[in-house]
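Asks: If it helps, the file is called target-v3.txt and holds compact mmCIF, C-alpha atoms:
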```txt
# COMPACT_ATOMS: atom_id res chain seq x y z
CA MET A 1447 -61.80 -41.70 36.71
CA GLN A 1448 -60.98 -44.59 34.40
CA ASP A 1449 -61.38 -42.30 31.39
CA MET A 1450 -58.89 -39.86 32.87
CA ALA A 1451 -56.41 -42.67 33.48
CA ASP A 1452 -56.81 -43.87 29.90
CA VAL A 1453 -56.15 -40.41 28.55
CA GLN A 1454 -53.02 -40.12 30.69
CA ASN A 1455 -51.79 -43.54 29.54
CA ARG A 1456 -52.31 -42.58 25.93
CA GLU A 1457 -50.43 -39.34 26.40
CA ASN A 1458 -47.54 -41.20 28.03
CA LEU A 1459 -47.46 -43.68 25.19
CA GLN A 1460 -47.44 -40.88 22.62
CA ASN A 1461 -44.61 -39.13 24.42
CA ARG A 1462 -42.58 -42.33 24.47
CA GLU A 1463 -43.21 -42.85 20.76
CA ASN A 1464 -42.12 -39.30 20.03
CA LEU A 1465 -38.93 -39.78 22.04
CA GLN A 1466 -38.19 -43.03 20.25
CA ASN A 1467 -38.77 -41.37 16.88
CA GLN A 1468 -36.35 -38.60 17.80
CA GLU A 1469 -33.75 -41.13 18.90
CA ASN A 1470 -34.23 -43.03 15.66
CA LEU A 1471 -33.79 -39.81 13.66
CA GLN A 1472 -30.61 -38.98 15.55
CA ASN A 1473 -29.32 -42.49 15.00
CA GLN A 1474 -30.08 -42.20 11.31
CA GLU A 1475 -28.23 -38.86 11.13
CA ASN A 1476 -25.29 -40.39 12.95
CA LEU A 1477 -25.36 -43.31 10.56
CA GLN A 1478 -25.44 -40.94 7.61
CA ASP A 1479 -22.50 -39.02 9.02
CA MET A 1480 -20.63 -42.27 9.56
CA LYS A 1481 -21.39 -43.30 5.99
CA LYS A 1482 -20.13 -39.98 4.70
CA LEU A 1483 -16.96 -40.32 6.74
CA GLN A 1484 -16.47 -43.84 5.44
CA ASP A 1485 -17.00 -42.63 1.87
CA MET A 1486 -14.47 -39.85 2.40
CA LYS A 1487 -11.98 -42.34 3.79
CA LYS A 1488 -12.65 -44.58 0.80
CA THR A 1489 -11.88 -41.78 -1.63
CA ALA A 1490 -8.76 -40.91 0.37
CA ASP A 1491 -7.73 -44.56 0.17
CA LYS A 1492 -8.45 -44.63 -3.55
CA ILE A 1493 -6.32 -41.53 -4.05
CA SER A 1494 -3.48 -42.97 -2.03
CA ALA A 1495 -3.76 -46.17 -4.12
CA LEU A 1496 -3.20 -44.02 -7.21
CA LYS A 1497 0.04 -42.60 -5.80
CA ASN A 1498 2.19 -44.29 -8.37
CA ARG A 1499 0.01 -43.42 -11.34
CA PHE A 1500 -0.17 -39.66 -10.73
CA GLU A 1501 2.99 -39.17 -8.64
CA ILE A 1502 1.09 -37.59 -5.77
CA SER A 1503 2.12 -37.15 -2.17
CA PHE A 1504 0.50 -35.90 1.01
CA PRO A 1505 1.90 -32.94 2.94
CA ARG A 1506 2.11 -33.23 6.71
CA LEU A 1507 -0.80 -31.01 7.64
CA GLU A 1508 -3.41 -31.38 10.34
CA ASN A 1509 -6.28 -32.09 8.03
CA ARG A 1510 -9.92 -31.69 8.79
CA ASP A 1511 -12.21 -34.63 8.07
CA ASP A 1512 -13.77 -32.83 5.13
CA LEU A 1513 -10.57 -31.41 3.61
CA LEU A 1514 -7.66 -33.26 2.05
CA PHE A 1515 -4.42 -31.72 0.76
CA VAL A 1516 -2.68 -33.50 -2.11
CA ILE A 1517 0.59 -32.48 -3.75
CA ALA A 1518 0.63 -33.35 -7.44
CA ALA A 1519 3.54 -33.27 -9.88
CA GLU A 1520 3.37 -30.56 -12.53
CA GLN A 1521 2.96 -32.88 -15.53
CA HIS A 1522 0.33 -35.10 -13.85
CA ALA A 1523 -1.74 -32.39 -12.16
CA VAL A 1524 -4.30 -31.81 -14.92
CA PRO A 1525 -4.92 -35.56 -15.59
CA PHE A 1526 -5.32 -36.03 -11.83
CA ILE A 1527 -7.82 -33.16 -11.60
CA THR A 1528 -9.69 -34.52 -14.63
CA TRP A 1529 -9.86 -37.91 -12.93
CA LEU A 1530 -11.17 -36.32 -9.72
CA ARG A 1531 -13.83 -34.41 -11.66
CA ASP A 1532 -15.02 -37.23 -13.94
CA MET A 1533 -14.59 -40.36 -11.82
CA GLU A 1534 -14.90 -39.14 -8.22
CA SER A 1535 -17.48 -36.36 -8.90
CA TYR A 1536 -15.43 -33.48 -7.50
CA THR A 1537 -17.38 -31.32 -9.91
CA HIS A 1538 -16.98 -27.87 -8.40
CA LEU A 1539 -13.83 -25.76 -8.77
CA VAL A 1540 -14.15 -23.62 -5.62
CA PHE A 1541 -11.11 -21.47 -6.29
CA PHE A 1542 -7.80 -21.52 -8.08
CA THR A 1543 -5.02 -19.38 -6.69
CA ALA A 1544 -1.27 -19.11 -6.26
CA VAL A 1545 1.21 -18.57 -3.44
CA ASP A 1546 4.65 -17.05 -4.03
CA PHE A 1547 7.46 -19.00 -2.32
CA ILE A 1548 10.25 -16.66 -3.32
CA GLU A 1549 12.80 -18.36 -1.04
CA ASP A 1550 12.37 -21.72 -2.78
CA GLY A 1551 11.99 -20.19 -6.24
CA LEU A 1552 8.54 -21.75 -6.59
CA PHE A 1553 4.93 -20.80 -7.16
CA GLN A 1554 2.38 -23.01 -5.43
CA LEU A 1555 -0.84 -23.36 -7.40
CA THR A 1556 -3.88 -24.42 -5.36
CA TYR A 1557 -6.87 -26.03 -7.06
CA MET A 1558 -9.70 -26.39 -4.52
CA LEU A 1559 -12.27 -28.97 -5.61
CA HIS A 1560 -15.59 -29.78 -3.96
CA ASN A 1561 -17.76 -32.90 -3.99
CA TYR A 1562 -21.46 -32.13 -3.53
CA GLN A 1563 -22.48 -35.69 -2.55
CA LEU A 1564 -19.93 -36.04 0.23
CA HIS A 1565 -19.45 -32.34 1.02
CA HIS A 1566 -15.75 -33.02 0.87
CA ASP A 1567 -12.97 -30.76 -0.43
CA ILE A 1568 -9.69 -31.73 -2.05
CA ALA A 1569 -6.96 -29.11 -2.45
CA VAL A 1570 -4.53 -30.09 -5.19
CA LEU A 1571 -1.20 -28.31 -4.70
CA VAL A 1572 1.18 -27.99 -7.62
CA MET A 1573 4.65 -26.48 -7.32
CA ILE A 1574 5.93 -24.82 -10.49
CA SER A 1575 9.15 -23.02 -11.29
CA ARG A 1576 9.22 -19.32 -10.52
CA ASP A 1577 11.61 -18.40 -13.31
CA GLU A 1578 9.50 -19.81 -16.13
CA PRO A 1579 6.00 -19.93 -14.67
CA VAL A 1580 4.01 -21.87 -17.26
CA MET A 1581 1.16 -24.24 -16.38
CA GLU A 1582 -1.29 -26.29 -18.36
CA SER A 1583 -4.66 -24.59 -18.67
CA ILE A 1584 -7.82 -26.13 -17.19
CA HIS A 1585 -10.36 -23.93 -18.99
CA HIS A 1586 -11.59 -27.00 -20.89
CA LEU A 1587 -12.67 -28.57 -17.58
CA TRP A 1588 -14.34 -25.50 -16.09
CA PRO A 1589 -14.99 -22.43 -18.31
CA HIS A 1590 -14.76 -20.08 -15.33
CA ALA A 1591 -11.18 -21.21 -14.71
CA ALA A 1592 -10.21 -18.91 -17.59
CA THR A 1593 -11.00 -15.90 -15.38
CA TYR A 1594 -8.82 -17.25 -12.56
CA GLN A 1595 -6.03 -17.82 -15.04
CA GLN A 1596 -6.42 -14.30 -16.44
CA GLU A 1597 -6.07 -12.92 -12.93
CA LEU A 1598 -3.09 -15.17 -12.12
CA PHE A 1599 -1.31 -13.97 -15.25
CA GLU A 1600 -1.96 -10.34 -14.34
CA MET A 1601 -1.05 -10.62 -10.66
CA TYR A 1602 1.78 -13.21 -10.76
CA GLY A 1603 2.77 -13.47 -14.43
CA ILE A 1604 1.92 -17.18 -14.59
CA GLU A 1605 1.16 -18.18 -18.16
CA PHE A 1606 -1.53 -20.66 -19.22
CA PRO A 1607 -1.06 -21.32 -22.96
CA GLY A 1608 -4.36 -21.54 -24.83
CA SER A 1609 -6.46 -19.97 -22.10
CA PRO A 1610 -9.00 -17.51 -23.57
CA ARG A 1611 -8.62 -13.74 -22.91
CA LEU A 1612 -5.39 -14.42 -21.00
CA TYR A 1613 -3.54 -11.28 -22.10
CA GLU A 1614 -6.51 -8.89 -21.71
CA ASP A 1615 -6.57 -6.42 -18.80
CA PHE A 1616 -8.51 -7.74 -15.84
CA ALA A 1617 -8.29 -5.57 -12.72
CA LEU A 1618 -5.31 -3.39 -13.68
CA GLU A 1619 -5.58 -1.21 -16.75
CA GLY A 1620 -2.36 -0.50 -18.58
CA TRP A 1621 -0.06 -1.96 -15.92
CA GLN A 1622 3.58 -1.49 -16.96
CA ASP A 1623 5.54 -2.73 -13.92
CA ILE A 1624 6.28 -6.32 -12.84
CA PRO A 1625 3.15 -8.23 -11.70
CA PRO A 1626 2.18 -6.64 -8.37
CA MET A 1627 1.48 -9.76 -6.30
CA ARG A 1628 5.01 -11.10 -6.82
CA ARG A 1629 6.90 -10.68 -3.60
CA GLU A 1630 9.86 -8.89 -5.15
CA PHE A 1631 7.49 -6.04 -6.09
CA ASP A 1632 7.77 -3.30 -3.45
CA THR A 1633 4.23 -1.99 -3.23
CA ARG A 1634 5.05 0.71 -0.69
CA ALA A 1635 7.88 2.19 -2.76
CA TYR A 1636 5.68 2.10 -5.86
CA SER A 1637 2.84 3.82 -4.01
CA GLU A 1638 5.11 6.55 -2.63
CA GLU A 1639 6.58 7.12 -6.07
CA THR A 1640 3.26 7.26 -7.89
CA TYR A 1641 0.43 8.46 -5.68
CA PHE A 1642 1.66 11.66 -3.97
CA PRO A 1643 1.73 10.48 -0.32
CA ARG A 1644 0.42 13.01 2.20
CA PRO A 1645 3.04 13.70 4.87
CA GLY A 1646 1.90 12.41 8.24
CA ARG A 1647 1.57 14.33 11.47
CA LYS A 1648 4.63 15.09 13.57
CA THR A 1649 4.81 12.98 16.70
CA PHE A 1650 6.91 13.81 19.73
CA ASP A 1651 8.45 11.63 22.39
CA THR A 1652 6.78 13.02 25.48
CA VAL A 1653 9.81 12.96 27.79
CA GLU A 1654 12.12 14.57 25.23
CA TYR A 1655 9.55 17.22 24.41
CA MET A 1656 9.10 18.11 28.09
CA LYS A 1657 12.85 18.36 28.51
CA GLU A 1658 13.29 20.63 25.52
CA GLN A 1659 10.24 22.84 25.71
CA LEU A 1660 8.97 23.10 29.27
CA TYR A 1661 12.02 22.73 31.53
CA PRO A 1662 15.02 23.74 29.41
CA GLY A 1663 17.22 24.63 32.37
CA GLU A 1664 16.49 21.62 34.54
CA ALA A 1665 16.88 18.95 31.88
CA GLU A 1666 20.57 18.39 32.60
CA SER A 1667 19.94 17.41 36.19
CA TRP A 1668 17.49 14.62 35.26
CA MET B 299 -5.10 50.03 -47.75
CA LYS B 300 -2.72 47.21 -48.59
CA LYS B 301 -0.86 47.70 -45.36
CA GLU B 302 -4.08 47.50 -43.37
CA GLN B 303 -5.04 44.28 -45.16
CA GLU B 304 -1.64 42.77 -44.41
CA LEU B 305 -1.98 43.73 -40.78
CA ARG B 306 -5.42 42.13 -40.61
CA ILE B 307 -4.12 38.90 -42.14
CA LYS B 308 -1.23 38.88 -39.66
CA ARG B 309 -3.61 39.38 -36.76
CA ARG B 310 -5.82 36.56 -37.98
CA GLU B 311 -2.83 34.25 -38.23
CA GLN B 312 -1.72 35.18 -34.75
CA LEU B 313 -5.21 34.60 -33.39
CA SER B 314 -5.52 31.22 -35.10
CA SER B 315 -2.12 30.15 -33.77
CA ILE B 316 -3.20 31.13 -30.27
CA GLU B 317 -6.43 29.19 -30.77
CA THR B 318 -4.57 26.06 -31.80
CA GLU B 319 -2.40 26.42 -28.72
CA LEU B 320 -5.50 26.70 -26.59
CA LYS B 321 -7.04 23.62 -28.10
CA LEU B 322 -6.43 20.18 -26.67
CA ALA B 323 -4.31 17.68 -28.52
CA ASN B 324 -6.43 14.57 -27.82
CA LYS B 325 -3.35 12.56 -28.76
CA ASP B 326 -4.54 9.26 -27.38
CA ILE B 327 -7.69 8.93 -29.47
CA GLU B 328 -7.40 7.13 -32.77
CA THR B 329 -6.96 9.64 -35.60
CA GLY B 330 -10.25 8.85 -37.32
CA ASP B 331 -12.27 9.41 -34.16
CA ALA B 332 -10.55 12.58 -33.01
CA SER B 333 -12.91 14.90 -34.92
CA CYS B 334 -15.91 13.40 -33.07
CA PHE B 335 -14.76 14.81 -29.74
CA CYS B 336 -14.57 18.32 -28.35
CA ASP B 337 -11.07 19.75 -28.21
CA SER B 338 -11.73 22.98 -26.32
CA ARG B 339 -10.42 23.60 -22.84
CA PRO B 340 -12.59 24.22 -19.79
CA GLU B 341 -13.21 27.92 -19.19
CA VAL B 342 -13.22 29.95 -16.03
CA ILE B 343 -16.71 31.28 -15.46
CA ALA B 344 -17.00 34.59 -13.63
CA PRO B 345 -19.73 34.86 -10.97
CA TYR B 346 -22.78 37.11 -11.36
CA ARG B 347 -22.72 40.50 -9.74
CA GLY B 348 -23.79 41.18 -6.18
CA ILE B 349 -27.17 40.00 -5.08
CA LEU B 350 -27.72 37.89 -8.19
CA GLU B 351 -24.80 35.65 -7.27
CA ARG B 352 -25.98 35.41 -3.68
CA PHE B 353 -29.45 34.40 -4.86
CA ALA B 354 -27.94 31.84 -7.26
CA ASN B 355 -25.76 30.43 -4.47
CA TRP B 356 -28.77 30.11 -2.17
CA ALA B 357 -30.64 28.23 -4.91
CA ARG B 358 -27.63 25.99 -5.59
CA ALA B 359 -27.18 25.18 -1.90
CA GLU B 360 -30.82 24.20 -1.42
CA SER B 361 -30.93 21.68 -4.26
CA LEU B 362 -27.89 19.44 -4.13
CA TRP B 363 -28.30 16.61 -6.61
CA ILE B 364 -25.72 13.92 -6.10
CA LEU B 365 -24.41 11.59 -8.77
CA GLY B 366 -25.47 8.01 -8.06
CA PHE B 367 -22.00 6.54 -8.61
CA GLY B 368 -20.74 4.63 -5.58
CA THR B 369 -17.03 4.57 -6.27
CA GLY B 370 -15.88 2.74 -3.13
CA CYS B 371 -17.09 0.96 -0.02
CA GLY B 372 -18.14 4.26 1.66
CA ALA B 373 -21.02 4.59 -0.80
CA ILE B 374 -22.88 2.09 1.41
CA GLU B 375 -23.46 5.02 3.81
CA LEU B 376 -25.54 6.80 1.17
CA ARG B 377 -28.30 4.17 1.40
CA PRO B 378 -29.27 4.82 5.04
CA LEU B 379 -28.95 8.52 4.25
CA MET B 380 -31.65 8.18 1.58
CA THR B 381 -34.11 6.15 3.64
CA SER B 382 -36.50 7.35 6.30
CA ARG B 383 -34.22 7.39 9.35
CA PHE B 384 -31.83 10.07 8.08
CA ASP B 385 -33.90 11.20 5.09
CA MET B 386 -31.60 13.45 3.13
CA TYR B 387 -34.49 14.71 0.94
CA ARG B 388 -35.47 17.12 3.71
CA TYR B 389 -32.20 18.96 3.01
CA GLY B 390 -32.90 19.14 -0.72
CA ILE B 391 -30.40 16.38 -1.48
CA GLN B 392 -31.35 13.64 -3.89
CA PRO B 393 -29.53 11.17 -6.14
CA ARG B 394 -29.54 11.47 -9.92
CA PRO B 395 -28.70 8.69 -12.38
CA THR B 396 -26.45 10.54 -14.83
CA PRO B 397 -23.57 13.03 -14.53
CA ARG B 398 -25.40 15.51 -16.76
CA GLN B 399 -28.15 15.94 -14.16
CA ALA B 400 -25.99 15.93 -11.04
CA GLY B 401 -24.23 18.78 -9.23
CA VAL B 402 -22.49 17.00 -6.34
CA PHE B 403 -20.07 14.10 -6.70
CA VAL B 404 -19.61 12.00 -3.56
CA ILE B 405 -16.40 9.99 -3.83
CA GLY B 406 -17.23 7.02 -1.64
CA GLY B 407 -13.91 5.97 -0.11
CA TYR B 408 -10.93 4.40 -1.85
CA ALA B 409 -10.49 5.08 -5.55
CA SER B 410 -8.51 2.54 -7.54
CA VAL B 411 -6.81 3.61 -10.75
CA LYS B 412 -9.45 1.84 -12.80
CA THR B 413 -12.21 3.72 -10.95
CA MET B 414 -10.24 6.99 -11.09
CA LYS B 415 -10.55 7.00 -14.88
CA ARG B 416 -14.35 6.78 -14.55
CA ILE B 417 -14.35 9.39 -11.80
CA VAL B 418 -12.45 11.89 -13.98
CA ARG B 419 -14.75 11.19 -16.88
CA SER B 420 -17.92 11.57 -14.81
CA TYR B 421 -16.64 14.71 -13.08
CA GLU B 422 -15.86 16.40 -16.38
CA GLN B 423 -19.26 15.47 -17.79
CA MET B 424 -21.12 17.06 -14.88
CA GLN B 425 -22.62 20.47 -15.51
CA GLY B 426 -21.33 23.40 -13.51
CA PRO B 427 -21.43 24.60 -10.83
CA LYS B 428 -20.30 21.25 -9.43
CA PHE B 429 -19.03 20.24 -6.03
CA VAL B 430 -17.05 17.26 -4.74
CA LEU B 431 -17.37 15.60 -1.34
CA GLY B 432 -14.49 13.33 -0.34
CA LEU B 433 -15.96 10.64 1.89
CA GLY B 434 -13.74 8.65 4.24
CA SER B 435 -10.07 8.74 5.11
CA CYS B 436 -9.09 6.96 1.88
CA THR B 437 -9.75 10.11 -0.11
CA ILE B 438 -7.64 12.19 2.31
CA ASN B 439 -4.44 10.16 2.61
CA GLY B 440 -5.14 6.70 1.26
CA GLY B 441 -6.52 5.38 4.56
CA MET B 442 -5.87 1.70 5.09
CA TYR B 443 -4.81 1.45 1.42
CA TRP B 444 -2.04 4.04 1.84
CA ASP B 445 0.65 1.69 0.48
CA SER B 446 -1.45 -0.13 -2.10
CA TYR B 447 -0.18 -0.37 -5.66
CA ASN B 448 -3.56 0.38 -7.17
CA THR B 449 -5.35 3.01 -5.05
CA ILE B 450 -4.67 6.74 -5.00
CA ASN B 451 -3.58 8.53 -1.85
CA ARG B 452 -4.82 12.09 -2.31
CA LEU B 453 -7.98 12.83 -4.22
CA ASP B 454 -7.32 16.58 -4.52
CA TYR B 455 -4.41 15.92 -6.89
CA TYR B 456 -6.83 14.59 -9.51
CA ILE B 457 -10.06 16.55 -9.06
CA PRO B 458 -10.76 19.59 -6.86
CA VAL B 459 -12.40 18.65 -3.55
CA ASP B 460 -14.64 21.03 -1.57
CA VAL B 461 -15.31 19.12 1.66
CA TYR B 462 -13.60 16.10 3.19
CA ILE B 463 -15.49 13.89 5.65
CA ALA B 464 -13.03 11.99 7.83
CA GLY B 465 -13.70 8.52 9.19
CA CYS B 466 -13.46 4.91 8.17
CA MET B 467 -16.19 4.96 7.39
CA PRO B 468 -18.11 8.07 8.48
CA ARG B 469 -21.63 7.48 9.75
CA PRO B 470 -24.64 9.07 8.01
CA GLU B 471 -24.70 11.80 10.68
CA ALA B 472 -21.17 12.78 9.66
CA LEU B 473 -22.24 12.81 6.04
CA LEU B 474 -25.14 15.10 6.88
CA ALA B 475 -22.74 17.38 8.75
CA GLY B 476 -20.53 17.37 5.65
CA PHE B 477 -23.45 18.26 3.42
CA ASN B 478 -24.46 21.10 5.75
CA LYS B 479 -20.88 22.36 5.71
CA LEU B 480 -20.96 22.24 1.91
CA LYS B 481 -24.22 24.20 1.92
CA ALA B 482 -22.77 26.88 4.16
CA MET B 483 -19.69 27.10 1.93
CA ILE B 484 -21.77 27.40 -1.23
CA LYS B 485 -23.88 30.13 0.34
CA ALA B 486 -20.69 31.97 1.32
CA GLY B 487 -19.44 31.62 -2.24
CA GLN B 488 -16.37 29.56 -1.29
CA CYS B 489 -16.93 26.54 -3.53
CA ASP B 490 -14.94 27.42 -6.61
CA GLY B 491 -13.66 23.95 -7.52
CA MET B 492 -14.85 24.05 -11.10
CA ASN B 493 -12.91 27.27 -11.84
CA GLN B 494 -9.85 25.90 -10.04
CA TYR B 495 -10.03 22.86 -12.30
CA ALA B 496 -10.17 25.11 -15.36
CA GLU B 497 -7.30 27.31 -14.14
CA HIS B 498 -4.94 24.47 -13.21
CA PHE B 499 -6.18 22.16 -15.95
CA ASP B 500 -2.71 21.15 -17.17
CA TRP B 501 -1.53 20.26 -13.65
CA TYR B 502 -4.62 18.11 -13.00
CA LYS B 503 -4.27 16.43 -16.43
CA ALA B 504 -0.58 15.67 -15.84
CA ASN B 505 -1.40 14.05 -12.48
CA GLN B 506 -4.26 12.07 -13.99
CA LYS B 507 -2.17 10.87 -16.92
CA LYS B 508 0.62 9.87 -14.56
CA ILE B 509 -1.55 7.12 -13.07
CA ILE B 510 -4.07 6.37 -15.85
CA LYS B 511 -1.74 4.80 -18.37
CA HIS B 512 -4.41 3.29 -20.57
CA TRP B 513 -5.89 6.65 -21.60
CA ASP B 514 -8.30 6.08 -24.49
CA MET B 515 -10.59 9.09 -24.12
CA PRO B 516 -10.48 12.80 -25.00
CA ASP B 517 -8.42 15.06 -22.74
CA TYR B 518 -11.52 16.94 -21.63
CA ASN B 519 -14.69 14.83 -21.61
CA TRP B 520 -17.35 17.34 -22.37
```
For this file, produce the structure as structure tokens.

Replies:
Amino acid sequence: MQDMADVQNRENLQNRENLQNQENLQNQENLQDMKKLQDMKKTADKISALKNRFEISFPRLENRDDLLFVIAAEQHAVPFITWLRDMESYTHLVFFTAVDFIEDGLFQLTYMLHNYQLHHDIAVLVMISRDEPVMESIHHLWPHAATYQQELFEMYGIEFPGSPRLYEDFALEGWQDIPPMRREFDTRAYSEETYFPRPGRKTFDTVEYMKEQLYPGEAESW
Amino acid sequence: MKKEQELRIKRREQLSSIETELKLANKDIETGDASCFCDSRPEVIAPYRGILERFANWARAESLWILGFGTGCGAIELRPLMTSRFDMYRYGIQPRPTPRQAGVFVIGGYASVKTMKRIVRSYEQMQGPKFVLGLGSCTINGGMYWDSYNTINRLDYYIPVDVYIAGCMPRPEALLAGFNKLKAMIKAGQCDGMNQYAEHFDWYKANQKKIIKHWDMPDYNW
């Protein structure tokens, strides 16, 4: 009987130890998360401390903890991105794209950067003029940015002087119209003009059809 | 005697002038390369007589070799068709790697202008008799890309189509039904797309050249 009791005690002890270990692990994870959050806040603070140097501002957006939007001035954007890459280890250019704000006469360029240590993203927004869309190239920071810039030139007509293969065809071959992703380009009209649209089926309003076809004499009394 | 000789010379001149009219211009190839390419037009090929043609059609219908060129998203439906659940080999259908070996071209869904150039080229390189299956609603009327600036709306304006399979996208059962329909049509001698292409060659070429602006290949790729 004593042996049995011993075995049970041991088992209980082991269970307790296991539980404690699990709690410790969870605590450690929580601590790590907290650390990460603190690091992110630190970088955010650092960036806000550099406001004057790079002329940056923060848009009023409901940000996630792991994503920060920063508006940078056109002439300071590339130095700011270089600083983020080299000093703050935002080493990954996730994507680089543009939004057409035709009402304001602006293109918004979005550079999405990622930090592998913190798993934190920074989106650098740059507003450039829509009439003369020219932006400094960043192909010297990331070679694959050249492809994004090639696509942006083809789809929006934004020029990046010095970017390799910029004027080569990318997705469109022999395109002769204005860049198709600009909002003044009427894609439906172009499609109807070029691609022989197939006429759709005729559709009838049910009530009108009944009046005309099935009960021609009675329709007036309805 | 002299008169006869003169007449012969005249006839020869007439014949040669007709021949030059019948030859293709190949305007868009660089002048040095033009002699490397064929400049003859496609010819209408008359069927055999009677039972020979019926036998040939039976043989053609029972060995449909499709070109392994997935031109759009619908080509994903060809993979389950090949594997054991639907097993298209039991119908005598199998994929081939090059246009020279294939007899059926399955256009898998939307065709962008860039792909259209390759489709035309592959279709013309296929040996006759050749058949085209239009897979998905994109080949019929543009489907969900009906107002896109870069995808065609009607496939039959660019290459002759024998069978359309509606759906976005059609399941492998629908594809099998389409193949069986094609078989029945071939056996009945109704699939004459290749001769239609030869007869209305100028119309097809004009439509193709309307959208493919960067045309750097011979007019007939044989």

Asks: Using only C-alpha atoms, which protein or nucleic acid residues come within 10 Å of region 377-385 of chain B? Drop anything in the same chain fewer than 6 positions from it, and give the result as a list in words.

Replies: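 Neighbouring residues, sequence-local ones excluded: Ile391, Gln392, Pro393, Arg469, Pro470, Glu471, Leu473 and Leu474 of chain B.
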
Asks: Residues of chain B within 12 Å of chain A, using all atoms listed in the file, as a VMD selection string?

Replies: chain B and resid 409 to 415 435 to 441 443 to 456 505 to 514

Asks: Export C-alpha atoms of the chosen residues as a CSV table (one decimal), in the frame of the given file?

Replies:
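Just written: selection-v9.csv:
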```csv
chain,number,residue,atom,x,y,z
B,409,ALA,CA,-10.5,5.1,-5.6
B,410,SER,CA,-8.5,2.5,-7.5
B,411,VAL,CA,-6.8,3.6,-10.8
B,412,LYS,CA,-9.4,1.8,-12.8
B,413,THR,CA,-12.2,3.7,-11.0
B,414,MET,CA,-10.2,7.0,-11.1
B,415,LYS,CA,-10.6,7.0,-14.9
B,435,SER,CA,-10.1,8.7,5.1
B,436,CYS,CA,-9.1,7.0,1.9
B,437,THR,CA,-9.8,10.1,-0.1
B,438,ILE,CA,-7.6,12.2,2.3
B,439,ASN,CA,-4.4,10.2,2.6
B,440,GLY,CA,-5.1,6.7,1.3
B,441,GLY,CA,-6.5,5.4,4.6
B,443,TYR,CA,-4.8,1.4,1.4
B,444,TRP,CA,-2.0,4.0,1.8
B,445,ASP,CA,0.6,1.7,0.5
B,446,SER,CA,-1.4,-0.1,-2.1
B,447,TYR,CA,-0.2,-0.4,-5.7
B,448,ASN,CA,-3.6,0.4,-7.2
B,449,THR,CA,-5.4,3.0,-5.0
B,450,ILE,CA,-4.7,6.7,-5.0
B,451,ASN,CA,-3.6,8.5,-1.8
B,452,ARG,CA,-4.8,12.1,-2.3
B,453,LEU,CA,-8.0,12.8,-4.2
B,454,ASP,CA,-7.3,16.6,-4.5
B,455,TYR,CA,-4.4,15.9,-6.9
B,456,TYR,CA,-6.8,14.6,-9.5
B,505,ASN,CA,-1.4,14.0,-12.5
B,506,GLN,CA,-4.3,12.1,-14.0
B,507,LYS,CA,-2.2,10.9,-16.9
B,508,LYS,CA,0.6,9.9,-14.6
B,509,ILE,CA,-1.6,7.1,-13.1
B,510,ILE,CA,-4.1,6.4,-15.8
B,511,LYS,CA,-1.7,4.8,-18.4
B,512,HIS,CA,-4.4,3.3,-20.6
B,513,TRP,CA,-5.9,6.6,-21.6
B,514,ASP,CA,-8.3,6.1,-24.5
```

Asks: One decimal, Å: what's the distance from CA of Leu1477 (chain A) over to CA of Asp1512 (chain A), could you say?

Replies: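 One can read the CA of Leu1477 (chain A) to CA of Asp1512 (chain A) distance as 16.5 Å.
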
Asks: Of the residues B:Met515, B:Met483, B:Ile405, B:Cys336, which is the one nearest to Ile374 (chain B), using only C-alpha atoms?

Replies: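 For Ile374 (chain B), the nearest of the candidates is B:Ile405.
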
Asks: Provide the CA of Leu1514 (chain A) to CA of Ile1568 (chain A) distance in Å, to one decimal place.

Replies: 4.8 Å

Asks: With only C-alpha atoms as the basis for distance, which of B:Met492, B:Cys334, B:Ala373, B:Met442 is at the shortest distance from Tyr421 (chain B)?

Replies: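 Looking at the shortest contact to Tyr421 (chain B), the residue is B:Met492.
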
Asks: In Å, with one decimal, what is the gap from CA of Leu1571 (chain A) to CA of Leu1612 (chain A)?

Replies: 21.8 Å

Asks: Using only C-alpha atoms, which residue out of B:Ala496, B:Leu322, B:Ala400, B:Leu431 lies closest to Asn478 (chain B)?

Replies: B:Leu431

Asks: Have a look at A:Ser1575, A:Gln1468, A:Thr1649, A:Gln1659 and name the one nearest to Glu1520 (chain A); count all atoms listed in the file.

Replies: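 Ranking A:Ser1575, A:Gln1468, A:Thr1649, A:Gln1659 by distance to Glu1520 (chain A), first place goes to A:Ser1575.
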
Asks: With all atoms listed in the file as the basis for distance, which of A:Ser1503, A:Asn1561, A:Thr1528, A:Gln1554 is at the shortest distance from Trp1588 (chain A)?

Replies: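 Closest to Trp1588 (chain A) of all the choices is A:Thr1528.
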